[in-house]
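The data block below is final06.cif; it holds mmCIF, C-alpha atoms.
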data_target
loop_
_atom_site.label_atom_id
_atom_site.label_comp_id
_atom_site.auth_asym_id
_atom_site.auth_seq_id
_atom_site.Cartn_x
_atom_site.Cartn_y
_atom_site.Cartn_z
CA GLY A 5 45.97 2.60 -0.08
CA SER A 6 46.73 5.93 -1.77
CA ASN A 7 49.58 6.23 -4.28
CA THR A 8 51.02 9.08 -6.35
CA ILE A 9 52.70 8.80 -9.74
CA GLU A 10 54.69 11.75 -11.15
CA ILE A 11 56.67 11.80 -14.43
CA ASN A 12 59.92 13.72 -13.94
CA SER A 13 61.52 13.36 -17.38
CA PHE A 14 61.01 12.31 -20.98
CA SER A 15 63.86 10.85 -23.04
CA GLU A 16 63.81 10.50 -26.82
CA SER A 17 65.02 6.95 -27.35
CA SER A 18 66.91 7.55 -30.61
CA THR A 19 68.76 10.73 -29.61
CA GLY A 20 68.92 10.42 -25.85
CA CYS A 21 67.71 14.00 -25.47
CA ASN A 22 65.85 14.64 -22.25
CA VAL A 23 63.23 17.12 -21.20
CA TYR A 24 62.29 17.78 -17.61
CA PRO A 25 58.71 18.97 -17.10
CA VAL A 26 57.76 21.46 -14.42
CA ALA A 27 57.25 19.66 -11.13
CA GLY A 28 53.66 18.65 -10.67
CA SER A 29 52.81 18.84 -14.39
CA PHE A 30 52.30 15.10 -14.85
CA VAL A 31 50.87 13.82 -11.59
CA ASP A 32 48.07 11.48 -10.62
CA ILE A 33 46.93 9.99 -7.35
CA PHE A 34 45.44 6.53 -7.42
CA THR A 35 44.15 3.98 -4.93
CA ILE A 36 44.75 0.25 -4.84
CA SER A 37 41.71 -1.50 -3.37
CA THR A 38 41.67 -4.87 -1.68
CA LEU A 39 39.95 -7.85 -3.28
CA PRO A 40 36.70 -9.06 -1.71
CA ASN A 41 37.60 -11.61 0.98
CA VAL A 42 35.93 -14.90 0.08
CA SER A 43 38.51 -17.11 1.76
CA GLY A 44 36.90 -17.23 5.18
CA VAL A 45 33.64 -18.83 6.26
CA ASN A 46 31.11 -18.28 3.48
CA THR A 47 27.84 -20.23 3.33
CA LEU A 48 24.61 -19.97 1.37
CA THR A 49 21.17 -21.00 2.59
CA VAL A 50 18.12 -20.97 0.33
CA THR A 51 14.85 -20.57 2.24
CA GLU A 52 12.60 -23.61 1.91
CA PRO A 53 9.97 -24.86 1.26
CA LEU A 54 9.94 -23.44 -2.26
CA CYS A 55 7.30 -23.94 -4.95
CA LEU A 56 7.18 -23.46 -8.70
CA GLY A 57 6.35 -19.87 -9.59
CA SER A 58 8.10 -18.40 -6.56
CA LEU A 59 11.39 -16.57 -6.31
CA ALA A 60 14.04 -17.96 -3.98
CA THR A 61 15.49 -16.00 -1.07
CA VAL A 62 19.18 -16.67 -0.44
CA THR A 63 20.91 -15.85 2.85
CA TYR A 64 24.67 -15.35 2.56
CA ALA A 65 26.78 -15.69 5.72
CA THR A 66 30.09 -14.24 4.67
CA SER A 67 33.59 -13.07 5.55
CA LEU A 68 33.13 -10.05 3.26
CA ALA A 69 33.62 -6.63 4.81
CA ASN A 70 30.57 -4.37 5.16
CA GLY A 71 29.72 -2.88 1.81
CA THR A 72 27.78 -3.34 -1.42
CA TYR A 73 28.61 -6.15 -3.83
CA ASN A 74 27.53 -7.64 -7.13
CA ILE A 75 27.33 -11.43 -6.92
CA ASN A 76 27.51 -13.70 -9.96
CA TYR A 77 26.14 -17.21 -9.51
CA ASN A 78 25.42 -20.39 -11.45
CA LEU A 79 22.43 -22.69 -11.17
CA THR A 80 22.77 -26.39 -11.92
CA GLY A 81 20.52 -29.41 -11.58
CA SER A 82 16.84 -29.14 -12.53
CA ASN A 83 17.38 -25.48 -13.43
CA VAL A 84 20.51 -24.45 -15.36
CA SER A 85 21.43 -20.79 -15.84
CA SER A 86 23.71 -17.99 -14.75
CA GLY A 87 22.63 -14.85 -12.95
CA ILE A 88 23.82 -11.79 -11.10
CA ALA A 89 22.50 -10.18 -7.95
CA ASN A 90 23.44 -6.50 -8.06
CA GLY A 91 23.63 -4.18 -5.09
CA VAL A 92 23.78 -6.86 -2.40
CA ILE A 93 24.42 -5.18 0.95
CA VAL A 94 26.66 -7.00 3.43
CA SER A 95 26.28 -5.93 7.05
CA SER A 96 27.93 -7.69 10.01
CA GLY A 97 28.67 -10.77 7.95
CA THR A 98 25.20 -11.30 6.51
CA ALA A 99 23.50 -10.52 3.23
CA THR A 100 20.40 -11.61 1.35
CA PHE A 101 19.48 -11.67 -2.31
CA THR A 102 16.90 -13.39 -4.50
CA ILE A 103 16.86 -15.74 -7.46
CA PRO A 104 14.02 -14.66 -9.78
CA SER A 105 11.20 -17.12 -10.42
CA ALA A 106 11.92 -16.91 -14.16
CA ALA A 107 15.15 -18.81 -13.48
CA LEU A 108 13.33 -21.52 -11.49
CA THR A 109 10.91 -23.03 -13.96
CA ASN A 110 11.51 -26.73 -13.25
CA ALA A 111 10.63 -28.73 -10.15
CA GLY A 112 13.31 -30.80 -8.48
CA SER A 113 16.73 -30.27 -6.95
CA THR A 114 18.75 -27.20 -7.94
CA THR A 115 22.15 -26.03 -6.71
CA ILE A 116 23.27 -22.39 -6.55
CA SER A 117 27.01 -21.73 -6.58
CA ILE A 118 28.65 -18.30 -6.36
CA SER A 119 31.24 -17.76 -9.10
CA THR A 120 32.38 -14.15 -8.64
CA VAL A 121 32.02 -11.46 -6.00
CA THR A 122 32.61 -7.84 -7.08
CA ASN A 123 32.86 -4.81 -4.82
CA ALA A 124 30.30 -2.41 -6.31
CA THR A 125 32.42 0.64 -5.39
CA SER A 126 35.96 -0.41 -6.34
CA LEU A 127 34.85 -2.95 -9.00
CA CYS A 128 37.53 -5.31 -7.71
CA SER A 129 36.47 -8.95 -8.09
CA SER A 130 37.31 -12.25 -6.48
CA THR A 131 36.69 -15.53 -8.27
CA VAL A 132 35.20 -18.36 -6.23
CA SER A 133 36.05 -21.99 -6.96
CA ALA A 134 33.04 -23.91 -8.26
CA GLY A 135 30.98 -25.41 -5.47
CA THR A 136 32.90 -23.66 -2.69
CA ILE A 137 30.06 -21.29 -1.74
CA ALA A 138 26.91 -23.23 -2.63
CA ASP A 139 23.61 -24.65 -1.47
CA SER A 140 21.16 -27.20 -2.87
CA PHE A 141 17.42 -26.75 -2.60
CA THR A 142 14.24 -28.42 -3.87
CA ILE A 143 11.46 -26.78 -5.84
CA GLY A 144 8.12 -28.47 -5.30
CA THR A 145 5.32 -28.78 -7.84
CA LEU A 146 2.07 -26.92 -7.30
CA PRO A 147 -0.97 -29.03 -6.33
CA ASN A 148 -2.95 -29.89 -9.47
CA VAL A 149 -6.46 -28.53 -9.09
CA SER A 150 -7.08 -27.98 -12.79
CA GLY A 151 -8.85 -31.31 -13.35
CA VAL A 152 -12.12 -32.65 -11.94
CA ASN A 153 -12.53 -31.54 -8.33
CA ASN A 154 -15.86 -31.94 -6.52
CA LEU A 155 -16.99 -31.46 -2.91
CA THR A 156 -19.89 -33.29 -1.29
CA VAL A 157 -21.05 -32.58 2.26
CA THR A 158 -22.81 -35.54 3.86
CA GLU A 159 -26.48 -34.80 4.64
CA PRO A 160 -28.76 -34.71 6.56
CA LEU A 161 -26.89 -32.44 8.97
CA CYS A 162 -28.17 -31.06 12.26
CA LEU A 163 -27.12 -28.17 14.51
CA GLY A 164 -24.40 -29.21 16.90
CA SER A 165 -22.83 -31.67 14.47
CA SER A 166 -19.66 -31.45 12.49
CA ALA A 167 -19.89 -31.82 8.74
CA ASN A 168 -18.16 -34.57 6.79
CA VAL A 169 -16.82 -33.45 3.44
CA SER A 170 -15.92 -35.87 0.64
CA PHE A 171 -13.48 -34.54 -1.93
CA THR A 172 -12.98 -36.15 -5.34
CA THR A 173 -9.91 -34.58 -6.85
CA SER A 174 -7.22 -34.46 -9.50
CA LEU A 175 -4.59 -34.04 -6.76
CA ALA A 176 -1.77 -36.58 -6.68
CA ASN A 177 -1.62 -38.97 -3.76
CA GLY A 178 -0.23 -37.21 -0.72
CA THR A 179 -1.07 -35.15 2.35
CA TYR A 180 -2.46 -31.64 2.00
CA ASN A 181 -3.64 -28.69 4.08
CA ILE A 182 -6.88 -27.31 2.66
CA ASN A 183 -8.10 -23.78 3.32
CA TYR A 184 -11.80 -23.14 2.83
CA ASN A 185 -14.43 -20.43 3.23
CA LEU A 186 -18.01 -20.80 4.47
CA THR A 187 -20.70 -18.43 3.23
CA GLY A 188 -24.46 -18.22 3.66
CA SER A 189 -26.01 -18.90 7.08
CA ASN A 190 -22.53 -19.57 8.49
CA VAL A 191 -19.68 -17.29 7.52
CA SER A 192 -16.11 -18.15 8.43
CA SER A 193 -12.77 -19.42 7.14
CA GLY A 194 -11.08 -22.62 8.17
CA ILE A 195 -8.28 -25.01 7.42
CA ALA A 196 -8.29 -28.79 7.28
CA ASN A 197 -4.76 -29.95 8.05
CA GLY A 198 -3.26 -33.29 7.12
CA VAL A 199 -5.90 -34.30 4.57
CA VAL A 200 -4.79 -37.54 2.90
CA VAL A 201 -5.56 -37.92 -0.81
CA SER A 202 -5.55 -41.47 -2.12
CA SER A 203 -6.65 -42.51 -5.61
CA GLY A 204 -8.39 -39.21 -6.19
CA THR A 205 -10.45 -39.20 -3.00
CA ALA A 206 -10.15 -37.45 0.36
CA THR A 207 -12.32 -36.57 3.34
CA PHE A 208 -12.19 -33.91 6.01
CA THR A 209 -14.56 -32.32 8.53
CA ILE A 210 -15.93 -28.87 9.23
CA PRO A 211 -16.09 -28.48 13.02
CA SER A 212 -19.48 -27.91 14.63
CA ALA A 213 -18.18 -24.66 16.15
CA ALA A 214 -18.19 -23.21 12.62
CA LEU A 215 -21.79 -24.35 11.99
CA THR A 216 -23.82 -22.52 14.64
CA ASN A 217 -26.69 -21.30 12.45
CA ALA A 218 -29.41 -23.35 10.78
CA GLY A 219 -30.05 -22.79 7.13
#
Once you've parsed the file, please lay out its structure as structure tokens.
Amino acid sequence: GSNTIEINSFSESSTGCNVYPVAGSFVDIFTISTLPNVSGVNTLTVTEPLCLGSLATVTYATSLANGTYNINYNLTGSNVSSGIANGVIVSSGTATFTIPSAALTNAGSTTISISTVTNATSLCSSTVSAGTIADSFTIGTLPNVSGVNNLTVTEPLCLGSSANVSFTTSLANGTYNINYNLTGSNVSSGIANGVVVSSGTATFTIPSAALTNAG
């Protein structure tokens, strides 16, 4: 709330002599602001899945009043650093901010924990106990397509048939969704979902509906 301070006298400590300034000469009005309320329900959720090279979007469900805040946080686990999200707008108990990709350079499990919340207007801060407002998330590695990767379509192939594609690859064993483009006599884009790579080999099909022209 609003407060007023006014000096009404000065006393020389050694002599005890006093002087009384004109009323209103030494006056100031100041405001005491509340601390950000982080004692209620406050949870973080990092949007997943998340891959190396991407920034992370953090959703903050919070007891903070509507307003703009600066949020200090710590990262631990596979990625260790401290950061600050400035100008985070809280509206109706929700806010979002991002962790830059430069702070997320290692794959694996990482935990974000808020350490301090500062009201951007009053600059009043509340300290948060470590791990109280936190979330853990996993950063996945990018598929490795930098090695030897070759496609072979089984021939001969006739109109009305689907095409079988063999894929020798540097990808690690696992299941992948593969987007592809067709050009030439047949022009389209497609996706082969659930392609299983085992020991550097995989197969998938191009549906006949995408292969309607000879040539």
Neighbour list for segment 137-153 of chain A as a PyMOL selection string, cut-off 6 Å, all atoms listed in the file, skip fewer than 3 positions in-chain: chain A and resi 47-49+54-56+111-118+172-175
For segment 28-44 of chain A: contacts at 8 Å, all atoms listed in the file, fewer than 4 positions along chain excluded, given as an MDAnalysis selection string: chainID A and resid 5:12 66:69 121:123 126 128:130 132
Point-to-point distance from atom CA of Thr72 of chain A to atom CA of Leu127 of chain A, Å rounded to tenths: 10.4 Å
Expansion of the PyMOL selection byres ((chain A and resi 203-213) around 7) into residues, as a ChimeraX atom specification: /A:164-175,177,196,199-202,214-216
Atoms to include: C-alpha atoms. Write the selected residues as a PDB file, in the frame of the given file.
ATOM      1  CA  GLY A 164     -24.400 -29.210  16.900  1.00  0.00           C
ATOM      2  CA  SER A 165     -22.830 -31.670  14.470  1.00  0.00           C
ATOM      3  CA  SER A 166     -19.660 -31.450  12.490  1.00  0.00           C
ATOM      4  CA  ALA A 167     -19.890 -31.820   8.740  1.00  0.00           C
ATOM      5  CA  ASN A 168     -18.160 -34.570   6.790  1.00  0.00           C
ATOM      6  CA  VAL A 169     -16.820 -33.450   3.440  1.00  0.00           C
ATOM      7  CA  SER A 170     -15.920 -35.870   0.640  1.00  0.00           C
ATOM      8  CA  PHE A 171     -13.480 -34.540  -1.930  1.00  0.00           C
ATOM      9  CA  THR A 172     -12.980 -36.150  -5.340  1.00  0.00           C
ATOM     10  CA  THR A 173      -9.910 -34.580  -6.850  1.00  0.00           C
ATOM     11  CA  SER A 174      -7.220 -34.460  -9.500  1.00  0.00           C
ATOM     12  CA  LEU A 175      -4.590 -34.040  -6.760  1.00  0.00           C
ATOM     13  CA  ASN A 177      -1.620 -38.970  -3.760  1.00  0.00           C
ATOM     14  CA  ALA A 196      -8.290 -28.790   7.280  1.00  0.00           C
ATOM     15  CA  VAL A 199      -5.900 -34.300   4.570  1.00  0.00           C
ATOM     16  CA  VAL A 200      -4.790 -37.540   2.900  1.00  0.00           C
ATOM     17  CA  VAL A 201      -5.560 -37.920  -0.810  1.00  0.00           C
ATOM     18  CA  SER A 202      -5.550 -41.470  -2.120  1.00  0.00           C
ATOM     19  CA  ALA A 214     -18.190 -23.210  12.620  1.00  0.00           C
ATOM     20  CA  LEU A 215     -21.790 -24.350  11.990  1.00  0.00           C
ATOM     21  CA  THR A 216     -23.820 -22.520  14.640  1.00  0.00           C
TER      22      THR A 216
END
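You will find atom CA of Thr136 of chain A at 24.8 Å from atom CA of Ala106 of chain A.
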Spatial neighbours of Val62 of chain A, 8 Å, only C-alpha atoms, chain gap at least 5 places, as a ChimeraX atom specification: /A:48-51,100-103
Shell around segment 73-76 of chain A at 7 Å using all atoms listed in the file, local window under 3 positions removed, as a list of chain:residue names: A:Gly87, A:Ile88, A:Ala89, A:Asn90, A:Gly91, A:Val92, A:Ile93, A:Ile118, A:Ser119, A:Thr120, A:Val121, A:Thr122, A:Asn123, A:Ala124
Result set, the PyMOL selection byres ((chain A and resi 182-193) around 6) on current file, as a ChimeraX atom specification: /A:181,194-196,215,217,219
Centre, edges in Å (one decimal): axis-aligned box, segment 18-35 of chain A, 3 Å padding on all six sides, as JSON:
{"center_x": 56.5, "center_y": 12.7, "center_z": -17.8, "size_x": 30.8, "size_y": 23.5, "size_z": 31.7}
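In this model, the gap between atom CA of Gly57 of chain A and atom CA of Val94 of chain A comes to 27.3 Å.
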Output of the PyMOL selection byres ((chain A and resi 84) around 10), listed as a PyMOL selection string: chain A and resi 78-83+85-86+107-110+114-116
Option closest in space to Leu59 of chain A, from A:Ser105, A:Asn154, A:Ser133, A:Thr98 [counting all atoms listed in the file]: A:Ser105
